[in-house]
file query.pdb (PDB, C-alpha atoms, pLDDT in the B column)
ATOM      1  CA  MET A   1       0.000   0.000   0.000  1.00 51.00           C
ATOM      2  CA  ALA A   2       2.952   2.314   0.425  1.00 58.00           C
ATOM      3  CA  GLU A   3       3.440   4.287  -2.777  1.00 59.00           C
ATOM      4  CA  ALA A   4       6.706   5.934  -3.740  1.00 61.00           C
ATOM      5  CA  LYS A   5       6.136   9.687  -3.643  1.00 60.00           C
ATOM      6  CA  ALA A   6       8.477  12.333  -4.984  1.00 54.00           C
ATOM      7  CA  PRO A   7      10.291  14.287  -2.266  1.00 61.00           C
ATOM      8  CA  GLN A   8       8.614  17.605  -1.496  1.00 65.00           C
ATOM      9  CA  GLY A   9      11.711  19.785  -1.871  1.00 69.00           C
ATOM     10  CA  LEU A  10      12.598  18.974  -5.499  1.00 85.00           C
ATOM     11  CA  LYS A  11      11.652  21.714  -7.969  1.00 89.00           C
ATOM     12  CA  ASN A  12      12.613  22.332 -11.565  1.00 95.00           C
ATOM     13  CA  GLN A  13      15.718  24.482 -11.926  1.00 97.00           C
ATOM     14  CA  LYS A  14      17.186  26.231 -14.939  1.00 97.00           C
ATOM     15  CA  VAL A  15      20.374  28.199 -15.539  1.00 97.00           C
ATOM     16  CA  GLY A  16      20.308  31.116 -17.953  1.00 97.00           C
ATOM     17  CA  GLN A  17      21.406  34.650 -18.676  1.00 97.00           C
ATOM     18  CA  VAL A  18      19.554  37.791 -17.581  1.00 97.00           C
ATOM     19  CA  VAL A  19      18.439  39.717 -20.669  1.00 97.00           C
ATOM     20  CA  SER A  20      16.191  42.338 -19.038  1.00 96.00           C
ATOM     21  CA  THR A  21      15.870  44.023 -15.647  1.00 95.00           C
ATOM     22  CA  LYS A  22      13.552  46.855 -16.667  1.00 96.00           C
ATOM     23  CA  MET A  23      10.609  45.730 -14.518  1.00 95.00           C
ATOM     24  CA  GLN A  24      10.358  46.113 -10.766  1.00 96.00           C
ATOM     25  CA  LYS A  25      11.267  42.876  -8.935  1.00 96.00           C
ATOM     26  CA  THR A  26      11.131  40.931 -12.221  1.00 97.00           C
ATOM     27  CA  ILE A  27      13.932  39.709 -14.443  1.00 97.00           C
ATOM     28  CA  VAL A  28      13.786  38.031 -17.831  1.00 98.00           C
ATOM     29  CA  VAL A  29      16.095  35.010 -18.065  1.00 98.00           C
ATOM     30  CA  GLU A  30      16.990  33.436 -21.394  1.00 98.00           C
ATOM     31  CA  VAL A  31      17.778  29.714 -21.184  1.00 97.00           C
ATOM     32  CA  SER A  32      19.651  28.174 -24.129  1.00 97.00           C
ATOM     33  CA  ARG A  33      19.943  24.496 -24.964  1.00 97.00           C
ATOM     34  CA  ARG A  34      21.361  22.485 -27.844  1.00 97.00           C
ATOM     35  CA  VAL A  35      19.187  19.706 -29.273  1.00 97.00           C
ATOM     36  CA  PRO A  36      19.359  17.525 -32.400  1.00 98.00           C
ATOM     37  CA  HIS A  37      16.907  18.387 -35.175  1.00 97.00           C
ATOM     38  CA  PRO A  38      14.179  15.689 -35.292  1.00 96.00           C
ATOM     39  CA  LEU A  39      14.586  14.992 -39.015  1.00 97.00           C
ATOM     40  CA  TYR A  40      18.085  16.117 -40.002  1.00 96.00           C
ATOM     41  CA  LYS A  41      19.869  15.188 -36.717  1.00 95.00           C
ATOM     42  CA  ARG A  42      21.938  18.378 -36.862  1.00 97.00           C
ATOM     43  CA  ILE A  43      22.576  20.129 -33.537  1.00 98.00           C
ATOM     44  CA  ILE A  44      20.609  23.364 -33.302  1.00 97.00           C
ATOM     45  CA  GLY A  45      20.323  25.948 -30.530  1.00 97.00           C
ATOM     46  CA  LYS A  46      16.974  26.647 -28.908  1.00 97.00           C
ATOM     47  CA  ARG A  47      16.227  29.534 -26.565  1.00 97.00           C
ATOM     48  CA  LYS A  48      13.360  30.294 -24.242  1.00 97.00           C
ATOM     49  CA  ARG A  49      12.669  33.263 -21.995  1.00 98.00           C
ATOM     50  CA  PHE A  50      11.344  32.957 -18.466  1.00 98.00           C
ATOM     51  CA  TYR A  51      10.025  35.718 -16.213  1.00 98.00           C
ATOM     52  CA  ALA A  52      11.462  35.322 -12.710  1.00 98.00           C
ATOM     53  CA  HIS A  53      10.824  37.086  -9.405  1.00 97.00           C
ATOM     54  CA  ASP A  54      13.843  38.968  -7.975  1.00 96.00           C
ATOM     55  CA  GLU A  55      12.710  40.329  -4.591  1.00 95.00           C
ATOM     56  CA  GLU A  56      15.938  42.168  -3.654  1.00 95.00           C
ATOM     57  CA  ARG A  57      16.648  43.274  -7.257  1.00 95.00           C
ATOM     58  CA  THR A  58      20.186  41.873  -7.061  1.00 96.00           C
ATOM     59  CA  ALA A  59      20.485  40.479 -10.596  1.00 95.00           C
ATOM     60  CA  ARG A  60      21.965  42.690 -13.291  1.00 95.00           C
ATOM     61  CA  LEU A  61      21.934  42.543 -17.059  1.00 95.00           C
ATOM     62  CA  GLY A  62      24.213  39.780 -18.366  1.00 95.00           C
ATOM     63  CA  ASP A  63      24.444  37.799 -15.110  1.00 95.00           C
ATOM     64  CA  VAL A  64      24.214  34.020 -15.263  1.00 97.00           C
ATOM     65  CA  VAL A  65      21.547  32.976 -12.748  1.00 97.00           C
ATOM     66  CA  ARG A  66      19.745  29.882 -11.453  1.00 98.00           C
ATOM     67  CA  ILE A  67      15.957  30.085 -11.322  1.00 97.00           C
ATOM     68  CA  VAL A  68      13.596  27.723  -9.481  1.00 98.00           C
ATOM     69  CA  GLU A  69       9.999  26.871 -10.262  1.00 97.00           C
ATOM     70  CA  CYS A  70       7.389  28.234  -7.827  1.00 96.00           C
ATOM     71  CA  ARG A  71       3.682  28.952  -7.575  1.00 96.00           C
ATOM     72  CA  PRO A  72       2.219  31.455 -10.064  1.00 97.00           C
ATOM     73  CA  LEU A  73       3.106  34.972  -8.926  1.00 96.00           C
ATOM     74  CA  SER A  74       1.459  36.827 -11.822  1.00 96.00           C
ATOM     75  CA  LYS A  75       0.165  36.157 -15.335  1.00 96.00           C
ATOM     76  CA  LEU A  76       3.660  35.317 -16.636  1.00 96.00           C
ATOM     77  CA  LYS A  77       5.841  34.767 -13.534  1.00 97.00           C
ATOM     78  CA  ARG A  78       6.203  31.157 -12.405  1.00 97.00           C
ATOM     79  CA  TRP A  79       9.898  31.230 -11.433  1.00 97.00           C
ATOM     80  CA  ARG A  80      11.990  32.900  -8.745  1.00 97.00           C
ATOM     81  CA  LEU A  81      15.665  33.756  -8.564  1.00 97.00           C
ATOM     82  CA  ALA A  82      17.578  31.144  -6.540  1.00 96.00           C
ATOM     83  CA  GLU A  83      21.164  32.372  -6.908  1.00 96.00           C
ATOM     84  CA  ILE A  84      23.518  34.337  -9.092  1.00 96.00           C
ATOM     85  CA  VAL A  85      25.976  31.846 -10.574  1.00 96.00           C
ATOM     86  CA  ARG A  86      28.282  34.373 -12.270  1.00 95.00           C
ATOM     87  CA  ARG A  87      28.268  38.160 -12.380  1.00 95.00           C
ATOM     88  CA  ALA A  88      28.538  39.974 -15.716  1.00 90.00           C
ATOM     89  CA  ALA A  89      31.645  42.006 -16.375  1.00 89.00           C
ATOM     90  CA  GLN A  90      30.735  45.646 -15.763  1.00 80.00           C
ATOM     91  CA  VAL A  91      32.676  47.953 -18.045  1.00 76.00           C
ATOM     92  CA  GLY A  92      32.957  51.399 -16.498  1.00 72.00           C
ATOM     93  CA  ALA A  93      33.997  54.359 -18.623  1.00 64.00           C
ATOM     94  CA  GLN A  94      34.482  57.868 -17.342  1.00 65.00           C
ATOM     95  CA  PRO A  95      32.406  60.561 -19.111  1.00 66.00           C
ATOM     96  CA  ALA A  96      35.580  62.517 -19.963  1.00 64.00           C
ATOM     97  CA  GLU A  97      36.965  59.506 -21.858  1.00 64.00           C
ATOM     98  CA  LEU A  98      33.851  59.301 -24.018  1.00 63.00           C
ATOM     99  CA  ASP A  99      34.117  62.883 -25.307  1.00 65.00           C
ATOM    100  CA  VAL A 100      35.277  63.104 -28.899  1.00 63.00           C
ATOM    101  CA  LYS A 101      38.145  65.541 -29.419  1.00 65.00           C
ATOM    102  CA  VAL A 102      38.204  67.350 -32.737  1.00 61.00           C
TER     103      VAL A 102
END
call {"tool": "encode", "arguments": {"input": "query.pdb", "output": "structure tokens"}}
result
Amino acid sequence: MAEAKAPQGLKNQKVGQVVSTKMQKTIVVEVSRRVPHPLYKRIIGKRKRFYAHDEERTARLGDVVRIVECRPLSKLKRWRLAEIVRRAAQVGAQPAELDVKV
């Protein structure tokens, strides 16, 4: 009578790159994967975007992040930010260096 149940703590996780942080407490994460074409068997790249909840607004554009599945938070948000795997390189230029000298 004892049935094997899935453990409660296991949720789907995905790793992707942050492509937008323009919304409040929401990031857009693009997850890429490489799969063989069903007919031609050639490896092709597929991408999908996920809306994820970022409560502290810690993720920045270009960061590689891990997102975890959660209950629906809005019409599109079903994921939340779990951790930032790798920070994006922030290139800082001084305004004086950007001026064009004639």
call {"tool": "resolve_selection", "arguments": {"input": "query.pdb", "expression": "the PyMOL selection byres ((chain A and resi 69) around 7)", "output": "PyMOL selection string"}}
result
chain A and resi 11-13+67-68+70+78-80
call {"tool": "residues_around", "arguments": {"input": "query.pdb", "residues": "A:Arg34", "least_positions_apart": "2", "cutoff": "8 Å", "atoms": "only C-alpha atoms", "output": "VMD selection string"}}
result
chain A and resid 32 36 43 to 46
call {"tool": "atom_distance", "arguments": {"input": "query.pdb", "atom1": "atom CA of A:Lys14", "atom2": "atom CA of A:Arg60"}}
result
17.2 Å
call {"tool": "residues_near_point", "arguments": {"input": "query.pdb", "point": "(14.3, 36.4, -14.5)", "cutoff": "7 Å", "atoms": "only C-alpha atoms", "output": "ChimeraX atom specification"}}
result
/A:18,26-29,50-53,81
call {"tool": "closest_residue", "arguments": {"input": "query.pdb", "among": "A:Met23, A:Val15, A:Val31, A:Ala88", "to": "A:Val65", "atoms": "all atoms listed in the file"}}
result
A:Val15
call {"tool": "atom_distance", "arguments": {"input": "query.pdb", "atom1": "atom CA of A:Ser74", "atom2": "atom CA of A:Gln24"}}
result
12.9 Å
